[in-house]
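Report on one structure; see the data block that follows.
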Amino acid sequence: MKEYSNKAFFMASDDEEMEFFPIISVEDEDDHDKQQIAEELPLLALRNTVLFPGVVIPITVGRDKSIKAVKQAYKKDRIIGVVAQRDVKVEDPAGKDLNQVATAARIMRKLRMPDGTTTVIIRGLKRIKIDEIISDNPFFSAKVSSLPPVSTPETGEYIALVDSLREQAAQVIKLAPNIPTEATIILKNINKPDFLVNFIASNLNVSIKQKQQILEMDDMNDQASTVLKLLNAELQQLELKNKIQNKVRNDIEKQQRDYFLNQQLKTIQEELGGDSFDQEIQRLKEKAAKKKWNDKVADTFNRELEKLGRMNAASAEYSVILNYLDTLIELPWNEYTEDKFDLRMAQKVLDHDHYGLQKVKQRILEYLAVLKLKGDLKSPILCFVGAPGVGKTSLGKSIAGALGRKYVRMSLGGLHDEAEIRGHRKTYIGAMPGRIMQSLKKVQSANPVFILDEIDKVGSDYRGDPSSALLEVLDPEQNSSFYDNYLELEFDLSKVLFIATANSLNAIQPALRDRMEIIYMEGYSIEEKIEIAIGHLVDKQRKAHGLTAKHIRLSRPVIRKMIQDYTRESGVRELDRKLAALMRHAAKEVAMEEKRTATVNRKKLEEIMGRKRFDSAAYSHSLPPGVAIGMAYTIYGGEILYIESALSHGKGNLTLTGNLGNVMKESATTALTFLKAHASDLSVDDKVFDHWNVHLHIPEGATPKDGPSAGVTMLTTLASLFTQKKVKPFLSMTGEITLRGKVLPVGGIKEKILAAKRAGMKEIILPDVNQKDIEEIEQDFISNLKFHYVSDMKEVLNLALMPKKIKNARNLLNLEDE
């Protein structure tokens with residue numbers, strides 16, 4: 001192994017210069033500790049390295065004291081003390097600047113270099129301690145004493161440490177680009193663990209202070225652990241450095257590759273006649289020149305366009321900015337359609353498309369009239385509220401046709417994310433403008449009729465509250481400067497005619513409801529449904545099924561029977577589906593050449609549609625005491641409501657069933673309390689309330705029910721039960737009650753009246769304040785109904801209860817017979 005003793009290898013350093021890679025003279029490993037050291041030695045002060053026993057390093061000697069010390073030692077026995085400075089910055093050290101622990105070394109060779117400097121190759125022998133500095137002129141001379149050899153444990157832990165050191169050092173040599181691979185051979189040829197530790201410690205890329213600490217350690221196990229820790233840190237640094245270099249190299253290669261590919265693609269596009277990068281810029285400029293946007297939008301566009309021109313087309317941000325500029329160009333900035341100011345023609349369009357709905361039509365004509373006179377008017381924010389199928393959404397389309405504007409519809413049902421209204425910020429991946437801006441871009445008009453469908457179905461969760469975002473959209477004082485997060489610009493929505501639709505106002509946020517003009521759209525009467533069917537639905541379904549007027553004939557009585565027996569709704573959607581079923585049957589007969597003309601009469605209707613689903617005769621049966629008929633209003637229209645009650649032995653408890661809400665439960669409690677307070681007026685003994693439990697039930701328990709309007713019916717039911725008098729047949733009622741017995745007004749009157757008429761009712765009891773609502777209904781629709789207007793519950797009971805008790809009436813005081 002002697003041939004390696006005079007070779008030197010290069011080791012990587014933080015400096016730009018290369019350092020010699022010191023090696024061990026393996027031949028004389030066993031002789032280091034046996035070397036006799038004189039008590040007085042010349043000292044060679046080093047400021048950039050620490051010499052370890054057994055390690056051979058070359059040293060360039062430049063300071064006068066160092067040169068004289070080397071000469072003195074070389075003349076004598078070639079033994080010299082090598083000590084590291086405490087501070088590497090000190091140019092001319094004194095005795096106090098030198099460490100106490102040093103290494104005795106043998107000068108193996110002294111070389112005179114061409115540049116006049118002296119280089120010596122020295123080999124560490126053993127550790128020594130500087131006891132006293134004898135002289136510092138002309139060179140450092142000191143009394144020294146040999147330190148005992150570092151103890152080498154023979155434990156398994158130490159052997160594992162040494163193996164780890166060898167492996168880690170091999171990885172460092174492999175990763176460091178400036179260390180030749182031959183250094184691995186040296187590692188493999190070092191057999192003694194202590195020399196291996198010294199060898200690696202000498203070559204660590206750490207500070208002089210850390211190396212000195214390792215040299216001063218007296219336990220080889222501590223030395224090995226410290227060296228392994230520092231070696232691991234150096235290995236991690238090398239791995240990180242290589243990772244960064246590889247990433248940078250790959251990025252540069254990718255950029256160069258993308259550049260060349262982009263240039264080739266650009267050339268190919270030009271050859272094929274497609275849009276190149278420059279042509280894309282030119283296209284955007286030409287479109288922008290035709291836009292009517294304001295200066296702020298123009299400045300934003302030009303700034304983003306300049307940024308696009310400086311970018312590489314292959315970069316990810318290029319497509320983001322390009323999409324943003326395309327969106328700006330495609331939006332209708334100050335682009336309006338011309339309104340039609342022919343009010344008579346507008347009224348004809350509205351009447352042709354929809355039957356009835358006079359309030360809504362009148363409001364649209366008023367808006368058009370003011371716009372015609374004034375020339376400029378902020379559009380109103382309308383909200384159509386009504387049951388499903390009454391024509392809220394389709395009316396919006398008719399309004400657009402009457403005004404000569406474009407029509408756009410946006411469904412809000414199930415909307416949870418606020419960004420759907422305001423848009424996403426364009427810094428996000430896949431960002432896009434809100435649906436308001438997208439809809440305007442689609443119709444290419446800044447003043448369309450904009451339908452916000454199902455506004456009462458808007459939800460809210462952790463992603464935001466869309467109904468709060470709609471506050472700005474639906475406020476005429478704010479929507480002239482609507483801010484979209486994607487555009488980061490203001491857009492004028494004040495000319496847009498927003499029309500919201502809803503089935504119920506209860507689910508709409510109060511602040512949002514306050515910004516809209518509410519227009520109620522009541523359900524249709526049977527007569528109105530007949531006119532709608534004849535004027536619109538029958539012809540629509542004929543065309544949808546490929547039929548003509550000669551293929552199928554429907555009379556008014558047949559349509560009336562279909563409405564009464566097979567549908568029960570406020571709107572006409574179910575009627576439309578039933579007509580479609582008739583058309584399918586007729587289409588089959590015509591296609592199979594069974595008949596040329598299908599005439600549908602009452603009997604044929606039952607054959608096609610089956611048994612009738614609803615029977616108004618069901619309400620004509622004589623009702624027992626304790627049962628009354630009320631009227632309710634739901635989001636689906638008016639409904640008839642049975643309220644039943646029964647008595648059982650007990651202590652006067654009240655049980656309520658039928659999936660009732662809190663308000664309805666309170667109404668039942670109020671009714672029973674009023675009845676107890678006025679029992680004598682009804683000839684009812686007070687004692688019965690203490691011996692009988694009352695159970696009040698409203699059928700269809702799966703359907704939630706709530707509201708105060710059933711109070712009148714509940715009191716009538718309980719009064720009928722305790723007096724054992726029947727309620728008059730064909731009578732229904734509605735109204736809220738108080739503990740004083742007053743009857744308060746309720747809402748949804750038209751819907752309730754239509755439901756009562758569909759059910760075959762003949763008499764209706766209403767609060768006297770609601771008389772105005774009856775006057776707004778066309779009298780032809782309610783001509784066969786008799787109305788009783790009341791303000792007190794005593795009036796209700798006088799009208800509702802039969803004058804005599806039923807036969808075999810129960811004696812509620814005779815508990816033994818019961």
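Residue numbers start at 1 in each chain; chains themselves are named A, B, ... in the order of the structure tokens; ligands are numbered from 1 in the order shown.
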**Request:** Write out as number ranges by chain the residues lying within 12 Å of Ile563 of chain A, counting only C-alpha atoms and excluding same-chain residues fewer than 2 positions away.
**Result:** A: 524-533, 556-561, 565-579, 605, 609, 612-616, 758-759
**Request:** DSSP on the backbone, then: every residue of segment 92-235 of chain A marked strand (DSSP E), written as a VMD selection string.
**Result:** chain A and resid 101 to 112 118 to 135 141 to 146
For the selection you just gave me, I'd like the residues written to a file as a compact mmCIF listing (two decimals), in the first residue's frame, keeping N, CA and C atoms.
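Produced file part38.txt, reproduced below:
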# COMPACT_ATOMS: atom_id res chain seq x y z
N VAL A 101 -3.81 22.04 22.65
CA VAL A 101 -3.64 20.69 22.13
C VAL A 101 -3.18 20.78 20.68
N ALA A 102 -2.08 20.11 20.38
CA ALA A 102 -1.51 20.15 19.02
C ALA A 102 -1.16 18.72 18.61
N THR A 103 -0.46 18.62 17.51
CA THR A 103 -0.06 17.30 17.00
C THR A 103 1.43 17.33 16.67
N ALA A 104 2.14 16.36 17.19
CA ALA A 104 3.55 16.21 16.80
C ALA A 104 3.60 15.57 15.42
N ALA A 105 4.42 16.13 14.53
CA ALA A 105 4.44 15.66 13.14
C ALA A 105 5.87 15.47 12.67
N ARG A 106 6.03 14.59 11.70
CA ARG A 106 7.32 14.39 11.05
C ARG A 106 7.28 15.04 9.69
N ILE A 107 8.39 15.82 9.40
CA ILE A 107 8.52 16.45 8.08
C ILE A 107 9.06 15.38 7.14
N MET A 108 8.20 14.94 6.21
CA MET A 108 8.59 13.88 5.30
C MET A 108 9.39 14.42 4.12
N ARG A 109 9.05 15.61 3.68
CA ARG A 109 9.76 16.17 2.53
C ARG A 109 9.57 17.68 2.55
N LYS A 110 10.63 18.38 2.11
CA LYS A 110 10.57 19.84 1.98
C LYS A 110 10.88 20.18 0.54
N LEU A 111 9.97 20.98 -0.06
CA LEU A 111 10.09 21.30 -1.49
C LEU A 111 10.16 22.81 -1.66
N ARG A 112 11.03 23.20 -2.61
CA ARG A 112 11.14 24.61 -2.99
C ARG A 112 10.35 24.79 -4.28
N THR A 118 7.85 27.77 0.06
CA THR A 118 8.31 26.46 0.55
C THR A 118 7.09 25.61 0.89
N THR A 119 7.06 24.38 0.39
CA THR A 119 5.98 23.43 0.70
C THR A 119 6.59 22.24 1.40
N VAL A 120 5.98 21.87 2.53
CA VAL A 120 6.45 20.70 3.27
C VAL A 120 5.32 19.67 3.33
N ILE A 121 5.69 18.40 3.26
CA ILE A 121 4.74 17.31 3.42
C ILE A 121 5.00 16.72 4.78
N ILE A 122 3.99 16.80 5.64
CA ILE A 122 4.17 16.37 7.02
C ILE A 122 3.15 15.27 7.34
N ARG A 123 3.53 14.45 8.32
CA ARG A 123 2.66 13.36 8.75
C ARG A 123 2.47 13.47 10.25
N GLY A 124 1.17 13.46 10.69
CA GLY A 124 0.87 13.53 12.11
C GLY A 124 1.31 12.26 12.81
N LEU A 125 1.89 12.44 14.00
CA LEU A 125 2.38 11.28 14.77
C LEU A 125 1.49 11.01 15.98
N LYS A 126 1.38 11.98 16.85
CA LYS A 126 0.59 11.77 18.05
C LYS A 126 0.17 13.12 18.62
N ARG A 127 -0.79 13.10 19.50
CA ARG A 127 -1.27 14.34 20.10
C ARG A 127 -0.31 14.77 21.21
N ILE A 128 -0.12 16.08 21.31
CA ILE A 128 0.74 16.64 22.36
C ILE A 128 0.03 17.83 23.00
N LYS A 129 0.52 18.18 24.18
CA LYS A 129 -0.02 19.34 24.89
C LYS A 129 1.07 20.37 25.06
N ILE A 130 0.77 21.60 24.71
CA ILE A 130 1.73 22.69 24.85
C ILE A 130 1.68 23.16 26.30
N ASP A 131 2.77 22.86 27.04
CA ASP A 131 2.81 23.24 28.45
C ASP A 131 3.25 24.68 28.65
N GLU A 132 4.20 25.13 27.80
CA GLU A 132 4.71 26.49 27.98
C GLU A 132 5.38 26.95 26.70
N ILE A 133 5.10 28.20 26.31
CA ILE A 133 5.77 28.80 25.16
C ILE A 133 7.11 29.36 25.66
N ILE A 134 8.19 28.76 25.19
CA ILE A 134 9.52 29.18 25.63
C ILE A 134 9.96 30.45 24.91
N SER A 135 9.72 30.46 23.61
CA SER A 135 10.22 31.59 22.80
C SER A 135 9.28 31.78 21.62
N SER A 141 8.78 28.30 20.00
CA SER A 141 9.37 27.11 20.58
C SER A 141 8.66 26.86 21.90
N ALA A 142 8.31 25.59 22.20
CA ALA A 142 7.49 25.33 23.38
C ALA A 142 7.89 24.03 24.03
N LYS A 143 7.63 24.00 25.37
CA LYS A 143 7.74 22.74 26.09
C LYS A 143 6.43 21.97 25.90
N VAL A 144 6.56 20.71 25.54
CA VAL A 144 5.36 19.91 25.24
C VAL A 144 5.42 18.62 26.01
N SER A 145 4.25 18.01 26.14
CA SER A 145 4.16 16.68 26.74
C SER A 145 3.21 15.84 25.92
N SER A 146 3.52 14.56 25.81
CA SER A 146 2.69 13.68 25.00
C SER A 146 1.40 13.36 25.73
**Prompt:** So which residues touch Lys361 of chain A within 10 Å, counting only C-alpha atoms, skipping near sequence neighbours fewer than 5 positions away, as a PyMOL selection string?
**Reply:** chain A and resi 346-347+350-351+354+356+366+395+399
**Item:** alpha helix (DSSP H) positions in segment 265-340 of chain A, given as number ranges by chain
**Value:** A: 265-272, 277-288, 295-309, 316-330
So that I have them on file, write out the residues from the current selection with C-alpha atoms, as a tab-separated table (two decimals), in the first residue's frame.
chain	number	residue	atom	x	y	z
A	265	LEU	CA	-44.98	25.44	-33.89
A	266	LYS	CA	-45.11	29.09	-34.84
A	267	THR	CA	-43.50	28.29	-38.19
A	268	ILE	CA	-45.92	25.40	-38.79
A	269	GLN	CA	-48.92	27.60	-37.98
A	270	GLU	CA	-47.73	30.26	-40.39
A	271	GLU	CA	-47.24	27.64	-43.11
A	272	LEU	CA	-50.75	26.26	-42.54
A	277	PHE	CA	-48.55	34.56	-31.77
A	278	ASP	CA	-48.31	37.94	-33.48
A	279	GLN	CA	-51.57	37.37	-35.31
A	280	GLU	CA	-53.28	36.60	-31.98
A	281	ILE	CA	-52.11	39.95	-30.60
A	282	GLN	CA	-53.29	41.71	-33.73
A	283	ARG	CA	-56.70	40.02	-33.53
A	284	LEU	CA	-57.18	41.28	-29.98
A	285	LYS	CA	-56.19	44.81	-30.96
A	286	GLU	CA	-58.65	44.89	-33.87
A	287	LYS	CA	-61.53	43.72	-31.69
A	288	ALA	CA	-60.64	46.16	-28.93
A	295	ASP	CA	-61.03	54.63	-20.31
A	296	LYS	CA	-60.46	52.49	-17.23
A	297	VAL	CA	-61.37	49.29	-19.06
A	298	ALA	CA	-59.29	50.35	-22.06
A	299	ASP	CA	-56.24	51.01	-19.86
A	300	THR	CA	-56.59	47.63	-18.19
A	301	PHE	CA	-56.90	45.89	-21.54
A	302	ASN	CA	-53.87	47.64	-23.03
A	303	ARG	CA	-51.75	46.94	-19.95
A	304	GLU	CA	-52.59	43.24	-19.98
A	305	LEU	CA	-52.06	43.10	-23.75
A	306	GLU	CA	-48.54	44.56	-23.38
A	307	LYS	CA	-47.80	41.99	-20.69
A	308	LEU	CA	-49.03	39.24	-23.02
A	309	GLY	CA	-46.73	40.46	-25.78
A	316	ALA	CA	-48.76	28.79	-18.02
A	317	GLU	CA	-49.63	32.44	-17.38
A	318	TYR	CA	-49.95	33.14	-21.10
A	319	SER	CA	-53.23	31.25	-21.40
A	320	VAL	CA	-54.54	32.90	-18.20
A	321	ILE	CA	-54.00	36.42	-19.56
A	322	LEU	CA	-55.28	35.44	-23.02
A	323	ASN	CA	-58.53	34.09	-21.55
A	324	TYR	CA	-58.90	37.27	-19.46
A	325	LEU	CA	-58.48	39.50	-22.52
A	326	ASP	CA	-60.93	37.39	-24.53
A	327	THR	CA	-63.48	37.77	-21.73
A	328	LEU	CA	-63.04	41.56	-21.65
A	329	ILE	CA	-63.56	41.77	-25.41
A	330	GLU	CA	-66.61	39.50	-25.49
Do you know which residues are at most 12 Å from Lys604 of chain A counting only C-alpha atoms, after dropping those on the same chain fewer than 4 positions away, and could you put them as a PDB file with N, CA, C and O atoms, in the first residue's frame?
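To be explicit, this is the file written out as selection.pdb:
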ATOM      1  N   ARG A 553    -110.322  16.017 -31.256  1.00  0.00           N
ATOM      2  CA  ARG A 553    -111.282  17.054 -30.884  1.00  0.00           C
ATOM      3  C   ARG A 553    -111.518  16.989 -29.373  1.00  0.00           C
ATOM      4  O   ARG A 553    -111.767  15.917 -28.829  1.00  0.00           O
ATOM      5  N   LEU A 554    -111.414  18.161 -28.756  1.00  0.00           N
ATOM      6  CA  LEU A 554    -111.646  18.281 -27.313  1.00  0.00           C
ATOM      7  C   LEU A 554    -112.651  19.392 -27.072  1.00  0.00           C
ATOM      8  O   LEU A 554    -112.496  20.509 -27.582  1.00  0.00           O
ATOM      9  N   VAL A 558    -115.196  18.400 -21.620  1.00  0.00           N
ATOM     10  CA  VAL A 558    -114.178  17.374 -21.410  1.00  0.00           C
ATOM     11  C   VAL A 558    -112.963  17.972 -20.693  1.00  0.00           C
ATOM     12  O   VAL A 558    -112.414  17.365 -19.763  1.00  0.00           O
ATOM     13  N   LYS A 561    -113.862  18.523 -17.070  1.00  0.00           N
ATOM     14  CA  LYS A 561    -113.847  17.269 -16.312  1.00  0.00           C
ATOM     15  C   LYS A 561    -112.403  16.824 -16.030  1.00  0.00           C
ATOM     16  O   LYS A 561    -112.088  16.339 -14.932  1.00  0.00           O
ATOM     17  N   MET A 562    -111.525  17.003 -17.024  1.00  0.00           N
ATOM     18  CA  MET A 562    -110.124  16.648 -16.828  1.00  0.00           C
ATOM     19  C   MET A 562    -109.511  17.484 -15.697  1.00  0.00           C
ATOM     20  O   MET A 562    -108.786  16.967 -14.841  1.00  0.00           O
ATOM     21  N   LEU A 582    -103.356  12.496 -23.560  1.00  0.00           N
ATOM     22  CA  LEU A 582    -104.432  12.377 -24.560  1.00  0.00           C
ATOM     23  C   LEU A 582    -103.870  12.416 -25.976  1.00  0.00           C
ATOM     24  O   LEU A 582    -104.298  11.641 -26.851  1.00  0.00           O
ATOM     25  N   HIS A 585    -102.269   9.153 -26.964  1.00  0.00           N
ATOM     26  CA  HIS A 585    -103.266   8.138 -27.294  1.00  0.00           C
ATOM     27  C   HIS A 585    -103.826   8.382 -28.696  1.00  0.00           C
ATOM     28  O   HIS A 585    -103.979   7.437 -29.496  1.00  0.00           O
ATOM     29  N   ALA A 586    -104.129   9.645 -28.971  1.00  0.00           N
ATOM     30  CA  ALA A 586    -104.652   9.981 -30.301  1.00  0.00           C
ATOM     31  C   ALA A 586    -103.610   9.719 -31.386  1.00  0.00           C
ATOM     32  O   ALA A 586    -103.929   9.222 -32.473  1.00  0.00           O
ATOM     33  N   ALA A 598    -109.823  11.409 -33.667  1.00  0.00           N
ATOM     34  CA  ALA A 598    -110.080  10.908 -32.317  1.00  0.00           C
ATOM     35  C   ALA A 598    -110.906  11.940 -31.566  1.00  0.00           C
ATOM     36  O   ALA A 598    -110.432  13.044 -31.302  1.00  0.00           O
ATOM     37  N   THR A 599    -112.131  11.609 -31.270  1.00  0.00           N
ATOM     38  CA  THR A 599    -113.009  12.500 -30.509  1.00  0.00           C
ATOM     39  C   THR A 599    -113.037  12.019 -29.071  1.00  0.00           C
ATOM     40  O   THR A 599    -113.410  10.874 -28.787  1.00  0.00           O
ATOM     41  N   VAL A 600    -112.662  12.899 -28.164  1.00  0.00           N
ATOM     42  CA  VAL A 600    -112.592  12.552 -26.753  1.00  0.00           C
ATOM     43  C   VAL A 600    -113.809  13.130 -26.040  1.00  0.00           C
ATOM     44  O   VAL A 600    -113.970  14.343 -25.968  1.00  0.00           O
ATOM     45  N   ILE A 608    -109.151   6.535 -21.147  1.00  0.00           N
ATOM     46  CA  ILE A 608    -107.735   6.883 -21.385  1.00  0.00           C
ATOM     47  C   ILE A 608    -107.026   7.205 -20.072  1.00  0.00           C
ATOM     48  O   ILE A 608    -105.930   6.706 -19.794  1.00  0.00           O
ATOM     49  N   MET A 609    -107.643   7.996 -19.207  1.00  0.00           N
ATOM     50  CA  MET A 609    -106.985   8.498 -18.012  1.00  0.00           C
ATOM     51  C   MET A 609    -107.171   7.580 -16.801  1.00  0.00           C
ATOM     52  O   MET A 609    -106.463   7.721 -15.808  1.00  0.00           O
ATOM     53  N   GLY A 610    -108.117   6.635 -16.906  1.00  0.00           N
ATOM     54  CA  GLY A 610    -108.376   5.774 -15.756  1.00  0.00           C
ATOM     55  C   GLY A 610    -109.375   6.408 -14.798  1.00  0.00           C
ATOM     56  O   GLY A 610    -110.034   7.413 -15.111  1.00  0.00           O
ATOM     57  N   ARG A 611    -109.500   5.809 -13.627  1.00  0.00           N
ATOM     58  CA  ARG A 611    -110.443   6.329 -12.636  1.00  0.00           C
ATOM     59  C   ARG A 611    -110.000   7.714 -12.185  1.00  0.00           C
ATOM     60  O   ARG A 611    -108.816   8.006 -12.073  1.00  0.00           O
TER      61      ARG A 611
END
Set the distance at 7 Å and use only C-alpha atoms: which residues neighbour segment 401-410 of chain A once local chain neighbours fewer than 5 positions away are removed? I'd like the list as a short mmCIF file (atom, residue, chain, number, x, y, z; two decimals) with all heavy atoms, in the first residue's frame.
data_model
loop_
_atom_site.label_atom_id
_atom_site.label_comp_id
_atom_site.auth_asym_id
_atom_site.auth_seq_id
_atom_site.Cartn_x
_atom_site.Cartn_y
_atom_site.Cartn_z
N THR A 337 -79.66 46.98 -26.63
CA THR A 337 -80.66 46.81 -27.68
C THR A 337 -81.68 47.94 -27.56
O THR A 337 -81.90 48.50 -26.48
CB THR A 337 -81.37 45.46 -27.55
OG1 THR A 337 -81.93 45.35 -26.23
CG2 THR A 337 -80.41 44.31 -27.78
N ASP A 339 -85.23 49.56 -27.22
CA ASP A 339 -86.53 49.16 -26.69
C ASP A 339 -87.65 49.54 -27.67
O ASP A 339 -87.57 50.55 -28.38
CB ASP A 339 -86.80 49.83 -25.34
CG ASP A 339 -85.90 49.29 -24.24
OD1 ASP A 339 -85.52 48.11 -24.34
OD2 ASP A 339 -85.56 50.03 -23.31
N LYS A 340 -88.68 48.70 -27.66
CA LYS A 340 -89.89 49.00 -28.44
C LYS A 340 -90.85 49.78 -27.56
O LYS A 340 -91.23 49.32 -26.49
CB LYS A 340 -90.55 47.71 -28.91
CG LYS A 340 -89.68 46.87 -29.85
CD LYS A 340 -90.41 45.57 -30.20
CE LYS A 340 -89.56 44.70 -31.11
NZ LYS A 340 -90.21 43.40 -31.41
N ALA A 346 -97.06 45.89 -27.25
CA ALA A 346 -96.54 45.17 -26.09
C ALA A 346 -97.66 44.47 -25.33
O ALA A 346 -97.52 43.32 -24.89
CB ALA A 346 -95.81 46.14 -25.18
N VAL A 349 -98.74 41.37 -27.19
CA VAL A 349 -97.78 40.26 -27.01
C VAL A 349 -97.99 39.58 -25.68
O VAL A 349 -98.03 38.34 -25.58
CB VAL A 349 -96.33 40.79 -27.13
CG1 VAL A 349 -95.33 39.69 -26.74
CG2 VAL A 349 -96.05 41.26 -28.55
N LEU A 350 -98.17 40.39 -24.62
CA LEU A 350 -98.37 39.82 -23.29
C LEU A 350 -99.69 39.05 -23.20
O LEU A 350 -99.75 37.96 -22.62
CB LEU A 350 -98.35 40.93 -22.23
CG LEU A 350 -97.00 41.65 -22.05
CD1 LEU A 350 -97.16 42.83 -21.09
CD2 LEU A 350 -95.95 40.69 -21.52
N SER A 439 -73.62 35.25 -18.41
CA SER A 439 -74.92 35.35 -19.10
C SER A 439 -74.97 36.57 -20.01
O SER A 439 -75.50 36.49 -21.12
CB SER A 439 -76.04 35.41 -18.05
OG SER A 439 -76.05 34.24 -17.25
N VAL A 443 -75.57 36.67 -24.25
CA VAL A 443 -76.62 37.36 -25.01
C VAL A 443 -76.10 38.60 -25.73
O VAL A 443 -76.82 39.20 -26.55
CB VAL A 443 -77.79 37.76 -24.09
CG1 VAL A 443 -78.45 36.52 -23.54
CG2 VAL A 443 -77.35 38.68 -22.97
N PRO A 448 -80.56 43.18 -21.09
CA PRO A 448 -81.54 42.13 -21.36
C PRO A 448 -82.59 42.04 -20.26
O PRO A 448 -82.49 42.70 -19.22
CB PRO A 448 -80.67 40.87 -21.40
CG PRO A 448 -79.59 41.15 -20.40
CD PRO A 448 -79.33 42.63 -20.51
N VAL A 449 -83.58 41.20 -20.48
CA VAL A 449 -84.48 40.79 -19.40
C VAL A 449 -83.82 39.57 -18.75
O VAL A 449 -83.66 38.53 -19.39
CB VAL A 449 -85.88 40.45 -19.93
CG1 VAL A 449 -86.74 39.88 -18.81
CG2 VAL A 449 -86.53 41.70 -20.52
N PHE A 450 -83.45 39.72 -17.50
CA PHE A 450 -82.63 38.71 -16.82
C PHE A 450 -83.49 38.02 -15.76
O PHE A 450 -83.89 38.63 -14.77
CB PHE A 450 -81.42 39.39 -16.15
CG PHE A 450 -80.27 38.47 -15.87
CD1 PHE A 450 -79.01 38.71 -16.42
CD2 PHE A 450 -80.42 37.35 -15.07
CE1 PHE A 450 -77.94 37.87 -16.17
CE2 PHE A 450 -79.36 36.50 -14.81
CZ PHE A 450 -78.13 36.76 -15.37
N ILE A 451 -83.77 36.73 -15.96
CA ILE A 451 -84.60 35.97 -15.03
C ILE A 451 -83.70 35.29 -13.99
O ILE A 451 -82.83 34.50 -14.35
CB ILE A 451 -85.45 34.92 -15.76
CG1 ILE A 451 -86.32 35.59 -16.81
CG2 ILE A 451 -86.30 34.14 -14.76
CD1 ILE A 451 -87.34 36.54 -16.25
N LEU A 452 -83.91 35.61 -12.73
CA LEU A 452 -83.23 34.93 -11.62
C LEU A 452 -84.22 33.92 -11.05
O LEU A 452 -85.01 34.21 -10.16
CB LEU A 452 -82.79 35.93 -10.56
CG LEU A 452 -81.78 36.99 -11.01
CD1 LEU A 452 -81.59 38.05 -9.93
CD2 LEU A 452 -80.45 36.35 -11.36
N ASP A 453 -84.18 32.72 -11.60
CA ASP A 453 -85.20 31.71 -11.30
C ASP A 453 -84.94 31.05 -9.94
O ASP A 453 -83.79 30.77 -9.58
CB ASP A 453 -85.20 30.64 -12.39
CG ASP A 453 -86.59 30.11 -12.67
OD1 ASP A 453 -87.54 30.63 -12.05
OD2 ASP A 453 -86.73 29.19 -13.50
#
**Asked** Taking into account only C-alpha atoms, which residue in the set A:Lys757, A:Ile421, A:Phe195, A:His536 is nearest to Tyr483 of chain A?
**Response**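 Smallest distance to Tyr483 of chain A is found for A:Ile421.
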At a cut-off of 6 Å, using only C-alpha atoms, what residues contact segment 785-795 of chain A? Leave out same-chain residues fewer than 3 positions from it and give the result as a short mmCIF file (atom, residue, chain, number, x, y, z; two decimals) with N, CA and C atoms, in the first residue's frame.
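As written to disk, around21.cif reads:
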data_model
loop_
_atom_site.label_atom_id
_atom_site.label_comp_id
_atom_site.auth_asym_id
_atom_site.auth_seq_id
_atom_site.Cartn_x
_atom_site.Cartn_y
_atom_site.Cartn_z
N GLY A 741 -111.27 36.08 21.23
CA GLY A 741 -112.26 35.59 20.27
C GLY A 741 -112.34 36.41 19.00
N LYS A 742 -111.38 37.33 18.80
CA LYS A 742 -111.37 38.12 17.57
C LYS A 742 -110.83 37.28 16.41
N VAL A 743 -111.33 37.54 15.22
CA VAL A 743 -110.87 36.84 14.01
C VAL A 743 -110.01 37.80 13.22
N LYS A 762 -119.59 25.33 -0.92
CA LYS A 762 -120.62 26.29 -1.32
C LYS A 762 -120.61 27.53 -0.44
N GLU A 763 -120.14 27.39 0.79
CA GLU A 763 -120.09 28.52 1.71
C GLU A 763 -118.68 28.63 2.30
N ILE A 764 -118.24 29.87 2.47
CA ILE A 764 -116.89 30.10 3.00
C ILE A 764 -116.97 31.20 4.04
N ILE A 765 -116.33 30.94 5.20
CA ILE A 765 -116.25 31.94 6.26
C ILE A 765 -114.86 32.57 6.22
N LEU A 766 -114.85 33.93 6.15
CA LEU A 766 -113.59 34.66 6.05
C LEU A 766 -113.57 35.80 7.06
N PRO A 767 -112.37 36.25 7.50
CA PRO A 767 -112.28 37.48 8.31
C PRO A 767 -112.80 38.67 7.50
N ASP A 768 -113.48 39.60 8.16
CA ASP A 768 -114.08 40.72 7.42
C ASP A 768 -113.04 41.59 6.75
N ILE A 782 -116.39 33.15 -8.95
CA ILE A 782 -116.88 32.82 -7.61
C ILE A 782 -118.38 33.08 -7.48
N ASN A 798 -121.98 30.53 15.31
CA ASN A 798 -123.39 30.64 14.93
C ASN A 798 -123.60 30.23 13.47
#
**Prompt:** Which residue gives the smallest distance to Ala160 of chain A among A:Ala800, A:Thr181, A:Ala679, A:Asn221, with only C-alpha atoms counted?
**Reply:**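 Result for the nearest residue to Ala160 of chain A: A:Asn221.
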**Request:** Tell me, as a ChimeraX atom specification, which residues lie within 8 Å of Ile381 of chain A, counting only C-alpha atoms; anything in the same chain fewer than 4 positions away does not count.
**Result:** /A:474-476,497-500,515-517
**Asked** Mind pulling up the distance from atom CA of Ile519 of chain A to atom CA of Ile364 of chain A?
**Response** 11.3 Å
